[in-house]
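Pasting target00.cif here (mmCIF, C-alpha atoms, pLDDT in the B column; chains and numbers go by the auth columns):
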data_entry
#
loop_
_atom_site.group_PDB
_atom_site.id
_atom_site.type_symbol
_atom_site.label_atom_id
_atom_site.label_comp_id
_atom_site.label_asym_id
_atom_site.label_seq_id
_atom_site.Cartn_x
_atom_site.Cartn_y
_atom_site.Cartn_z
_atom_site.B_iso_or_equiv
_atom_site.auth_seq_id
_atom_site.auth_asym_id
ATOM 1 C CA MET A 1 -108.888 -6.701 -10.531 43.00 20 A
ATOM 2 C CA LYS A 2 -109.793 -3.507 -8.766 45.00 21 A
ATOM 3 C CA SER A 3 -107.385 -0.642 -9.232 44.00 22 A
ATOM 4 C CA THR A 4 -107.120 2.742 -7.587 42.00 23 A
ATOM 5 C CA ILE A 5 -106.307 4.333 -10.956 37.00 24 A
ATOM 6 C CA PRO A 6 -109.402 5.522 -12.870 40.00 25 A
ATOM 7 C CA ASP A 7 -110.060 4.762 -16.519 41.00 26 A
ATOM 8 C CA THR A 8 -110.032 8.431 -17.386 40.00 27 A
ATOM 9 C CA GLY A 9 -107.686 11.128 -16.223 41.00 28 A
ATOM 10 C CA VAL A 10 -108.385 12.656 -12.825 41.00 29 A
ATOM 11 C CA PRO A 11 -105.598 15.142 -12.138 42.00 30 A
ATOM 12 C CA ILE A 12 -104.076 14.970 -8.681 41.00 31 A
ATOM 13 C CA THR A 13 -103.591 18.518 -7.480 43.00 32 A
ATOM 14 C CA PRO A 14 -102.468 19.686 -4.063 44.00 33 A
ATOM 15 C CA PRO A 15 -104.681 22.088 -2.080 45.00 34 A
ATOM 16 C CA THR A 16 -103.978 25.765 -2.600 47.00 35 A
ATOM 17 C CA ALA A 17 -101.248 26.826 -0.223 48.00 36 A
ATOM 18 C CA ASN A 18 -102.349 29.373 2.358 53.00 37 A
ATOM 19 C CA GLY A 19 -98.826 30.509 3.117 52.00 38 A
ATOM 20 C CA GLY A 20 -95.463 29.293 4.314 56.00 39 A
ATOM 21 C CA ASP A 21 -92.890 26.938 2.871 60.00 40 A
ATOM 22 C CA ARG A 22 -93.663 24.364 5.545 58.00 41 A
ATOM 23 C CA GLN A 23 -97.280 24.047 4.463 59.00 42 A
ATOM 24 C CA GLU A 24 -96.232 23.850 0.803 55.00 43 A
ATOM 25 C CA ASN A 25 -93.777 21.077 1.651 61.00 44 A
ATOM 26 C CA ARG A 26 -96.545 19.174 3.415 63.00 45 A
ATOM 27 C CA HIS A 27 -98.734 19.492 0.330 55.00 46 A
ATOM 28 C CA GLU A 28 -95.921 18.253 -1.901 61.00 47 A
ATOM 29 C CA ALA A 29 -95.265 15.295 0.410 65.00 48 A
ATOM 30 C CA SER A 30 -98.967 14.429 0.426 74.00 49 A
ATOM 31 C CA LEU A 31 -99.121 14.638 -3.367 73.00 50 A
ATOM 32 C CA HIS A 32 -96.039 12.450 -3.726 81.00 51 A
ATOM 33 C CA GLY A 33 -97.515 9.914 -1.299 85.00 52 A
ATOM 34 C CA GLU A 34 -100.792 9.720 -3.210 90.00 53 A
ATOM 35 C CA ILE A 35 -99.032 9.223 -6.537 91.00 54 A
ATOM 36 C CA LEU A 36 -96.800 6.540 -5.037 93.00 55 A
ATOM 37 C CA LEU A 37 -99.720 4.711 -3.434 91.00 56 A
ATOM 38 C CA ARG A 38 -101.787 4.618 -6.594 92.00 57 A
ATOM 39 C CA LEU A 39 -98.870 3.676 -8.806 94.00 58 A
ATOM 40 C CA ARG A 40 -97.790 0.891 -6.433 92.00 59 A
ATOM 41 C CA ASP A 41 -101.322 -0.535 -6.393 92.00 60 A
ATOM 42 C CA TYR A 42 -101.459 -0.381 -10.167 93.00 61 A
ATOM 43 C CA VAL A 43 -98.274 -2.434 -10.513 93.00 62 A
ATOM 44 C CA VAL A 44 -99.012 -4.854 -7.662 93.00 63 A
ATOM 45 C CA GLU A 45 -102.460 -5.663 -9.035 91.00 64 A
ATOM 46 C CA GLY A 46 -100.995 -6.848 -12.316 90.00 65 A
ATOM 47 C CA ASN A 47 -102.119 -4.070 -14.643 93.00 66 A
ATOM 48 C CA ILE A 48 -98.720 -4.154 -16.358 94.00 67 A
ATOM 49 C CA PRO A 49 -97.419 -7.614 -17.394 92.00 68 A
ATOM 50 C CA GLU A 50 -94.242 -8.940 -15.809 90.00 69 A
ATOM 51 C CA GLY A 51 -91.190 -7.897 -17.765 92.00 70 A
ATOM 52 C CA ALA A 52 -93.159 -5.257 -19.689 95.00 71 A
ATOM 53 C CA ARG A 53 -92.082 -1.640 -20.034 95.00 72 A
ATOM 54 C CA VAL A 54 -93.815 0.867 -17.784 96.00 73 A
ATOM 55 C CA PRO A 55 -96.049 3.043 -20.039 96.00 74 A
ATOM 56 C CA GLU A 56 -95.042 6.436 -18.661 95.00 75 A
ATOM 57 C CA ARG A 57 -97.162 8.546 -21.003 94.00 76 A
ATOM 58 C CA GLN A 58 -100.290 6.514 -20.290 95.00 77 A
ATOM 59 C CA LEU A 59 -99.720 6.661 -16.545 95.00 78 A
ATOM 60 C CA CYS A 60 -99.158 10.417 -16.646 95.00 79 A
ATOM 61 C CA GLU A 61 -102.489 10.829 -18.443 94.00 80 A
ATOM 62 C CA MET A 62 -104.344 8.583 -15.985 92.00 81 A
ATOM 63 C CA LEU A 63 -102.823 10.264 -12.934 91.00 82 A
ATOM 64 C CA GLY A 64 -103.015 13.764 -14.374 92.00 83 A
ATOM 65 C CA ILE A 65 -99.368 14.497 -13.614 92.00 84 A
ATOM 66 C CA SER A 66 -96.152 15.328 -15.468 93.00 85 A
ATOM 67 C CA ARG A 67 -93.297 12.876 -15.954 92.00 86 A
ATOM 68 C CA THR A 68 -91.153 14.369 -13.174 92.00 87 A
ATOM 69 C CA PRO A 69 -93.327 13.251 -10.213 93.00 88 A
ATOM 70 C CA LEU A 70 -94.027 9.954 -11.991 94.00 89 A
ATOM 71 C CA ARG A 71 -90.328 9.200 -12.322 92.00 90 A
ATOM 72 C CA GLU A 72 -89.755 10.116 -8.678 93.00 91 A
ATOM 73 C CA ALA A 73 -92.384 7.536 -7.723 94.00 92 A
ATOM 74 C CA LEU A 74 -90.812 4.979 -10.062 95.00 93 A
ATOM 75 C CA LYS A 75 -87.503 5.414 -8.257 94.00 94 A
ATOM 76 C CA VAL A 76 -89.209 4.431 -5.003 93.00 95 A
ATOM 77 C CA LEU A 77 -90.810 1.370 -6.617 94.00 96 A
ATOM 78 C CA ALA A 78 -87.412 0.408 -8.000 93.00 97 A
ATOM 79 C CA ALA A 79 -85.924 0.630 -4.496 91.00 98 A
ATOM 80 C CA GLU A 80 -88.765 -1.588 -3.274 89.00 99 A
ATOM 81 C CA GLY A 81 -87.963 -4.155 -5.956 87.00 100 A
ATOM 82 C CA LEU A 82 -91.224 -3.923 -7.906 92.00 101 A
ATOM 83 C CA ILE A 83 -89.689 -2.477 -11.064 93.00 102 A
ATOM 84 C CA GLU A 84 -86.298 -2.102 -12.718 95.00 103 A
ATOM 85 C CA LEU A 85 -84.978 1.197 -14.022 95.00 104 A
ATOM 86 C CA LEU A 86 -83.397 0.915 -17.468 92.00 105 A
ATOM 87 C CA PRO A 87 -80.587 3.373 -18.286 88.00 106 A
ATOM 88 C CA ASN A 88 -82.065 5.967 -20.679 82.00 107 A
ATOM 89 C CA ARG A 89 -84.894 3.547 -21.540 84.00 108 A
ATOM 90 C CA GLY A 90 -87.485 4.071 -18.831 90.00 109 A
ATOM 91 C CA ALA A 91 -88.507 1.213 -16.540 95.00 110 A
ATOM 92 C CA ARG A 92 -90.008 -2.252 -16.662 95.00 111 A
ATOM 93 C CA VAL A 93 -91.847 -4.473 -14.202 94.00 112 A
ATOM 94 C CA ARG A 94 -89.442 -6.851 -12.486 92.00 113 A
ATOM 95 C CA GLN A 95 -89.884 -10.437 -13.607 90.00 114 A
ATOM 96 C CA LEU A 96 -89.113 -13.172 -11.083 88.00 115 A
ATOM 97 C CA SER A 97 -88.201 -16.728 -12.016 89.00 116 A
ATOM 98 C CA GLN A 98 -89.475 -19.753 -10.126 90.00 117 A
ATOM 99 C CA ARG A 99 -86.117 -20.013 -8.357 92.00 118 A
ATOM 100 C CA ASP A 100 -86.304 -16.318 -7.402 91.00 119 A
ATOM 101 C CA LEU A 101 -89.736 -16.927 -5.863 91.00 120 A
ATOM 102 C CA GLU A 102 -88.604 -19.985 -3.950 93.00 121 A
ATOM 103 C CA GLU A 103 -85.663 -18.150 -2.430 94.00 122 A
ATOM 104 C CA LEU A 104 -87.532 -14.931 -1.649 93.00 123 A
ATOM 105 C CA PHE A 105 -90.495 -16.658 -0.034 95.00 124 A
ATOM 106 C CA ASP A 106 -88.204 -18.830 2.081 95.00 125 A
ATOM 107 C CA VAL A 107 -86.398 -15.734 3.355 96.00 126 A
ATOM 108 C CA MET A 108 -89.731 -14.032 4.046 96.00 127 A
ATOM 109 C CA ALA A 109 -90.970 -17.150 5.838 97.00 128 A
ATOM 110 C CA GLY A 110 -87.915 -17.056 8.084 97.00 129 A
ATOM 111 C CA LEU A 111 -88.324 -13.342 8.813 98.00 130 A
ATOM 112 C CA GLU A 112 -92.041 -13.602 9.604 98.00 131 A
ATOM 113 C CA SER A 113 -91.448 -16.696 11.727 98.00 132 A
ATOM 114 C CA LEU A 114 -88.878 -14.810 13.806 98.00 133 A
ATOM 115 C CA ALA A 115 -91.152 -11.755 13.977 98.00 134 A
ATOM 116 C CA GLY A 116 -93.990 -13.878 15.361 98.00 135 A
ATOM 117 C CA ARG A 117 -91.774 -15.383 18.043 98.00 136 A
ATOM 118 C CA LEU A 118 -90.404 -12.000 19.133 98.00 137 A
ATOM 119 C CA ALA A 119 -93.818 -10.323 18.937 98.00 138 A
ATOM 120 C CA CYS A 120 -95.261 -12.770 21.470 98.00 139 A
ATOM 121 C CA GLU A 121 -92.625 -11.585 23.939 97.00 140 A
ATOM 122 C CA ALA A 122 -93.259 -7.870 23.501 98.00 141 A
ATOM 123 C CA ILE A 123 -96.727 -7.231 22.059 98.00 142 A
ATOM 124 C CA THR A 124 -99.222 -5.236 24.136 98.00 143 A
ATOM 125 C CA ASP A 125 -102.910 -5.934 24.650 98.00 144 A
ATOM 126 C CA ALA A 126 -103.714 -2.780 22.695 98.00 145 A
ATOM 127 C CA GLU A 127 -101.650 -3.998 19.728 98.00 146 A
ATOM 128 C CA ILE A 128 -103.411 -7.363 19.774 98.00 147 A
ATOM 129 C CA THR A 129 -106.769 -5.572 19.805 98.00 148 A
ATOM 130 C CA ALA A 130 -105.707 -3.461 16.815 98.00 149 A
ATOM 131 C CA ILE A 131 -104.653 -6.592 14.900 98.00 150 A
ATOM 132 C CA GLU A 132 -107.973 -8.235 15.775 98.00 151 A
ATOM 133 C CA GLN A 133 -109.804 -5.261 14.282 98.00 152 A
ATOM 134 C CA LEU A 134 -107.719 -5.523 11.129 98.00 153 A
ATOM 135 C CA HIS A 135 -108.468 -9.250 10.957 98.00 154 A
ATOM 136 C CA TYR A 136 -112.233 -8.689 11.028 98.00 155 A
ATOM 137 C CA GLU A 137 -111.903 -5.869 8.505 98.00 156 A
ATOM 138 C CA MET A 138 -109.984 -8.250 6.251 97.00 157 A
ATOM 139 C CA TYR A 139 -112.650 -10.922 6.717 97.00 158 A
ATOM 140 C CA GLY A 140 -115.271 -8.422 5.579 97.00 159 A
ATOM 141 C CA HIS A 141 -113.294 -7.780 2.398 97.00 160 A
ATOM 142 C CA TYR A 142 -113.025 -11.542 1.900 95.00 161 A
ATOM 143 C CA LEU A 143 -116.799 -12.010 2.204 96.00 162 A
ATOM 144 C CA HIS A 144 -117.382 -9.247 -0.342 96.00 163 A
ATOM 145 C CA ARG A 145 -114.701 -10.698 -2.657 94.00 164 A
ATOM 146 C CA ASP A 146 -112.848 -7.386 -2.516 95.00 165 A
ATOM 147 C CA MET A 147 -109.302 -8.496 -3.270 93.00 166 A
ATOM 148 C CA HIS A 148 -107.918 -4.956 -3.240 92.00 167 A
ATOM 149 C CA GLY A 149 -109.226 -4.201 0.264 95.00 168 A
ATOM 150 C CA TYR A 150 -108.347 -7.686 1.488 96.00 169 A
ATOM 151 C CA PHE A 151 -104.753 -7.466 0.351 94.00 170 A
ATOM 152 C CA GLN A 152 -104.176 -3.980 1.756 94.00 171 A
ATOM 153 C CA THR A 153 -105.503 -5.025 5.178 97.00 172 A
ATOM 154 C CA ASN A 154 -103.628 -8.330 5.035 97.00 173 A
ATOM 155 C CA GLN A 155 -100.344 -6.494 4.546 96.00 174 A
ATOM 156 C CA ARG A 156 -101.101 -4.222 7.500 97.00 175 A
ATOM 157 C CA ILE A 157 -101.600 -7.287 9.717 98.00 176 A
ATOM 158 C CA HIS A 158 -98.252 -8.779 8.759 98.00 177 A
ATOM 159 C CA GLU A 159 -96.535 -5.413 9.161 97.00 178 A
ATOM 160 C CA SER A 160 -98.141 -4.972 12.588 98.00 179 A
ATOM 161 C CA ILE A 161 -96.745 -8.305 13.780 98.00 180 A
ATOM 162 C CA VAL A 162 -93.297 -7.344 12.512 98.00 181 A
ATOM 163 C CA ALA A 163 -93.550 -3.959 14.266 98.00 182 A
ATOM 164 C CA ALA A 164 -94.561 -5.684 17.503 98.00 183 A
ATOM 165 C CA ALA A 165 -91.296 -7.678 17.421 98.00 184 A
ATOM 166 C CA ARG A 166 -89.471 -4.465 18.482 98.00 185 A
ATOM 167 C CA ASN A 167 -86.480 -5.201 16.263 98.00 186 A
ATOM 168 C CA GLU A 168 -85.499 -2.460 13.820 97.00 187 A
ATOM 169 C CA THR A 169 -82.998 -4.639 11.941 97.00 188 A
ATOM 170 C CA LEU A 170 -85.690 -7.245 11.349 97.00 189 A
ATOM 171 C CA LYS A 171 -88.181 -4.549 10.341 96.00 190 A
ATOM 172 C CA THR A 172 -85.776 -3.091 7.766 93.00 191 A
ATOM 173 C CA ALA A 173 -84.951 -6.488 6.272 94.00 192 A
ATOM 174 C CA TYR A 174 -88.631 -7.388 6.115 95.00 193 A
ATOM 175 C CA ALA A 175 -89.546 -4.167 4.302 90.00 194 A
ATOM 176 C CA ASN A 176 -86.790 -4.765 1.765 86.00 195 A
ATOM 177 C CA PHE A 177 -87.894 -8.272 0.840 90.00 196 A
ATOM 178 C CA ALA A 178 -91.632 -7.575 1.154 90.00 197 A
ATOM 179 C CA GLY A 179 -91.475 -5.035 -1.658 86.00 198 A
ATOM 180 C CA ARG A 180 -89.840 -7.512 -4.012 87.00 199 A
ATOM 181 C CA ILE A 181 -92.629 -10.105 -3.689 90.00 200 A
ATOM 182 C CA ARG A 182 -95.619 -7.830 -3.052 91.00 201 A
ATOM 183 C CA ARG A 183 -96.909 -8.200 -6.604 91.00 202 A
ATOM 184 C CA VAL A 184 -96.676 -11.996 -6.713 90.00 203 A
ATOM 185 C CA ARG A 185 -98.013 -12.273 -3.149 90.00 204 A
ATOM 186 C CA TYR A 186 -101.117 -10.506 -4.400 91.00 205 A
ATOM 187 C CA SER A 187 -101.523 -12.649 -7.521 86.00 206 A
ATOM 188 C CA ALA A 188 -101.045 -15.936 -5.616 87.00 207 A
ATOM 189 C CA ASN A 189 -104.574 -15.570 -4.251 84.00 208 A
ATOM 190 C CA PHE A 190 -105.866 -16.251 -7.772 82.00 209 A
ATOM 191 C CA ALA A 191 -104.162 -19.652 -8.146 74.00 210 A
ATOM 192 C CA ARG A 192 -106.841 -21.977 -9.579 66.00 211 A
ATOM 193 C CA LYS A 193 -105.388 -25.341 -8.540 58.00 212 A
ATOM 194 C CA ARG A 194 -106.317 -24.629 -4.928 59.00 213 A
ATOM 195 C CA GLN A 195 -108.691 -22.324 -3.091 81.00 214 A
ATOM 196 C CA ARG A 196 -105.776 -20.234 -1.856 85.00 215 A
ATOM 197 C CA TRP A 197 -107.844 -17.253 -0.767 89.00 216 A
ATOM 198 C CA ALA A 198 -110.024 -19.352 1.568 90.00 217 A
ATOM 199 C CA GLU A 199 -106.965 -21.278 2.733 92.00 218 A
ATOM 200 C CA ALA A 200 -105.153 -18.046 3.589 93.00 219 A
ATOM 201 C CA MET A 201 -108.155 -16.785 5.540 95.00 220 A
ATOM 202 C CA ARG A 202 -108.177 -19.940 7.681 95.00 221 A
ATOM 203 C CA GLU A 203 -104.455 -19.565 8.285 97.00 222 A
ATOM 204 C CA HIS A 204 -104.986 -16.008 9.465 97.00 223 A
ATOM 205 C CA GLU A 205 -107.541 -17.225 11.988 98.00 224 A
ATOM 206 C CA ALA A 206 -104.868 -19.557 13.390 98.00 225 A
ATOM 207 C CA ILE A 207 -102.340 -16.696 13.409 98.00 226 A
ATOM 208 C CA LEU A 208 -104.698 -14.497 15.422 98.00 227 A
ATOM 209 C CA ASP A 209 -105.506 -17.294 17.875 98.00 228 A
ATOM 210 C CA ALA A 210 -101.829 -18.031 18.567 98.00 229 A
ATOM 211 C CA LEU A 211 -101.068 -14.314 18.897 98.00 230 A
ATOM 212 C CA ARG A 212 -103.854 -13.839 21.443 98.00 231 A
ATOM 213 C CA ARG A 213 -102.366 -16.660 23.540 98.00 232 A
ATOM 214 C CA ARG A 214 -98.841 -15.354 22.967 98.00 233 A
ATOM 215 C CA ALA A 215 -97.897 -18.868 21.910 98.00 234 A
ATOM 216 C CA ALA A 216 -94.494 -17.962 20.456 98.00 235 A
ATOM 217 C CA SER A 217 -93.370 -21.327 19.047 98.00 236 A
ATOM 218 C CA GLU A 218 -96.822 -22.080 17.634 98.00 237 A
ATOM 219 C CA LEU A 219 -97.169 -18.682 15.985 98.00 238 A
ATOM 220 C CA SER A 220 -93.658 -18.958 14.570 98.00 239 A
ATOM 221 C CA ASP A 221 -94.492 -22.307 12.939 98.00 240 A
ATOM 222 C CA ILE A 222 -97.848 -21.075 11.597 98.00 241 A
ATOM 223 C CA LEU A 223 -96.311 -17.994 9.993 98.00 242 A
ATOM 224 C CA PHE A 224 -93.521 -20.036 8.407 98.00 243 A
ATOM 225 C CA GLN A 225 -96.016 -22.503 6.908 97.00 244 A
ATOM 226 C CA HIS A 226 -98.298 -19.627 5.870 97.00 245 A
ATOM 227 C CA LEU A 227 -95.508 -18.208 3.693 96.00 246 A
ATOM 228 C CA ARG A 228 -94.598 -21.668 2.402 95.00 247 A
ATOM 229 C CA ASN A 229 -98.204 -22.202 1.312 94.00 248 A
ATOM 230 C CA LYS A 230 -98.212 -18.781 -0.303 93.00 249 A
ATOM 231 C CA ARG A 231 -95.009 -19.720 -2.139 94.00 250 A
ATOM 232 C CA THR A 232 -96.603 -22.892 -3.513 93.00 251 A
ATOM 233 C CA ALA A 233 -99.656 -20.963 -4.706 91.00 252 A
ATOM 234 C CA ALA A 234 -97.482 -18.256 -6.264 89.00 253 A
ATOM 235 C CA ILE A 235 -95.498 -20.796 -8.266 90.00 254 A
ATOM 236 C CA GLU A 236 -98.679 -22.579 -9.339 88.00 255 A
ATOM 237 C CA HIS A 237 -100.134 -19.290 -10.531 83.00 256 A
ATOM 238 C CA LEU A 238 -96.889 -18.461 -12.335 80.00 257 A
ATOM 239 C CA THR A 239 -96.931 -21.719 -14.282 80.00 258 A
ATOM 240 C CA GLU A 240 -100.643 -22.165 -14.968 71.00 259 A
ATOM 241 C CA PRO A 241 -102.014 -20.890 -18.324 65.00 260 A
ATOM 242 C CA GLN A 242 -103.799 -17.553 -18.121 57.00 261 A
ATOM 243 C CA GLU A 243 -107.483 -17.400 -19.054 53.00 262 A
ATOM 244 C CA ASP A 244 -106.889 -14.707 -21.654 43.00 263 A
ATOM 245 C CA ALA A 245 -103.883 -16.466 -23.194 38.00 264 A
ATOM 246 C CA PRO A 246 -104.343 -17.949 -26.668 33.00 265 A
ATOM 247 C CA ALA A 247 -104.920 -21.687 -26.772 33.00 266 A
ATOM 248 C CA SER A 248 -101.888 -23.838 -27.509 30.00 267 A
ATOM 249 C CA PRO A 249 -101.866 -25.369 -30.987 26.00 268 A
#
Represent the structure from my file as structure tokens, please.
Amino acid sequence: MKSTIPDTGVPITPPTANGGDRQENRHEASLHGEILLRLRDYVVEGNIPEGARVPERQLCEMLGISRTPLREALKVLAAEGLIELLPNRGARVRQLSQRDLEELFDVMAGLESLAGRLACEAITDAEITAIEQLHYEMYGHYLHRDMHGYFQTNQRIHESIVAAARNETLKTAYANFAGRIRRVRYSANFARKRQRWAEAMREHEAILDALRRRAASELSDILFQHLRNKRTAAIEHLTEPQEDAPASP
């Protein structure tokens, strides 16, 4: 799986400040954002096993940073639900049970279904055009088998539909639950019992078509089933033996 973290250390350093606390603060915010983005991708893409401790020293070496900015980023990932902070013992990747996945995906399905219905009432032509562009960008990643690019663009499409619903309470709830299943949502595309990646691409074509027509009930149903199908694939991937796992005796 493609990762944004290099194999060898490439220090992340902010540009030299040309003066003023405001500019320095902008540099610090940009640095923090870059660290957070790369660390989130690293966890989401399965580079650390579920339930495993976060290797802080190794990550500091790969990112070229000290432990202070790393731990600040880990706090954000903990708030998003990707990892768990352990009192005086670092952090570990959050491990979800099958029941956890079932419940979380059902809640997400309900939220996205509502978002689709509300979005059809409020979305502008310009927003639909922007989502269309993201869809074709995502399709390009799919054709090139670029899972990293595909997933990033896919998430932007779903977030754009939620934003178009014009409901801040819904948007906040969605962001909270989305972080908790982002990692498994990514890995579900690798489920071997079904061609989930191709299936998801076809579902996104139906999502775009219903959105263009502002077919609220239809889009609501498609989004709900889309998350249900993702849930099934995620559970299948969770329970199927991994290729690099030792053979059972």
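Candidate residues A:Ala217, A:Leu227, A:Met127, A:Ile241 were compared for distance to Ala194 in chain A, and the nearest is A:Met127, using all atoms listed in the file.
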Exercise. Applied to the shown file, which residues does the PyMOL selection byres ((chain A and resi 165-171) around 10) return, written as a ChimeraX atom specification?
Worked result: /A:20-23,60,63-64,153-154,156-164,172-176,201,204-206,208-209,216,220
Seminar exercise, completed: Computed gap from CA of Tyr61 in chain A to CA of Ile84 in chain A is 15.4 Å
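With all atoms listed in the file as the basis for measurement, A:Asp144 is the residue among A:Glu218, A:Asp144, A:Asp125, A:Glu178 that approaches Arg232 in chain A most closely.
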At most 10 Å is the cut-off: for each residue in range 171-224 of chain A with any atom that close to an atom of range 99-120 of chain A, write down the nearest atom pair and the distance in Å rounded to one decimal, counting all atoms listed in the file, chain first then increasing number, as JSON lines.
{"residue": "A:Ala194", "atom": "CA", "partner": "A:Glu99", "partner_atom": "CA", "distance": 8.0}
{"residue": "A:Asn195", "atom": "CA", "partner": "A:Glu99", "partner_atom": "CA", "distance": 6.3}
{"residue": "A:Phe196", "atom": "CA", "partner": "A:Glu99", "partner_atom": "CA", "distance": 7.9}
{"residue": "A:Ala197", "atom": "CA", "partner": "A:Glu99", "partner_atom": "CA", "distance": 8.0}
{"residue": "A:Gly198", "atom": "CA", "partner": "A:Glu99", "partner_atom": "CA", "distance": 4.7}
{"residue": "A:Arg199", "atom": "CA", "partner": "A:Gly100", "partner_atom": "CA", "distance": 4.3}
{"residue": "A:Ile200", "atom": "CA", "partner": "A:Leu101", "partner_atom": "CA", "distance": 7.6}
{"residue": "A:Arg201", "atom": "CA", "partner": "A:Leu101", "partner_atom": "CA", "distance": 7.6}
{"residue": "A:Arg202", "atom": "CA", "partner": "A:Leu101", "partner_atom": "CA", "distance": 7.2}
{"residue": "A:Val203", "atom": "CA", "partner": "A:Leu120", "partner_atom": "CA", "distance": 8.6}
{"residue": "A:Arg204", "atom": "CA", "partner": "A:Leu120", "partner_atom": "CA", "distance": 9.9}
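The smallest atom-to-atom distance between Leu123 in chain A and any of A:Cys139, A:Ala192, A:Ala234, A:Ala229, using only C-alpha atoms, is found for A:Ala192.
Residue nearest Ala225 in chain A within the list A:Ile67, A:Ala97, A:Leu55, A:Leu238: A:Leu238 [criterion: smallest interatomic distance, only C-alpha atoms].
You can rank A:Ala235, A:Ala145, A:Arg59, A:Ala138 by their closest distance to Ala92 in chain A using only C-alpha atoms, and at the top of that list sits A:Arg59.
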Exercise. Mind pulling up the distance from CA of Ala71 in chain A to CA of Asn248 in chain A?
Worked result: 27.5 Å
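Picked by the PyMOL selection byres ((chain A and resi 142) around 9) from the coordinates shown: Leu137, Ala138, Cys139, Glu140, Ala141, Thr143, Asp144, Ala145, Glu146, Ile147, Ile180, Ala183, Ala184, Arg185, Leu230 and Arg233 of chain A.
CA of Thr87 in chain A to CA of Asn66 in chain A spans 21.5 Å [interatomic distance, one decimal].
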Starting from the PyMOL selection byres ((chain A and resi 251-258) around 6), expand the selection into actual residues of this file and give them as a PDB file with C-alpha atoms, in the frame of the given file.
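Wrote it out as part04.pdb, contents follow:
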ATOM      1  CA  ALA A 207    -101.045 -15.936  -5.616  1.00 87.00           C
ATOM      2  CA  ALA A 210    -104.162 -19.652  -8.146  1.00 74.00           C
ATOM      3  CA  ASN A 248     -98.204 -22.202   1.312  1.00 94.00           C
ATOM      4  CA  LYS A 249     -98.212 -18.781  -0.303  1.00 93.00           C
ATOM      5  CA  ARG A 250     -95.009 -19.720  -2.139  1.00 94.00           C
ATOM      6  CA  GLU A 259    -100.643 -22.165 -14.968  1.00 71.00           C
TER       7      GLU A 259
END
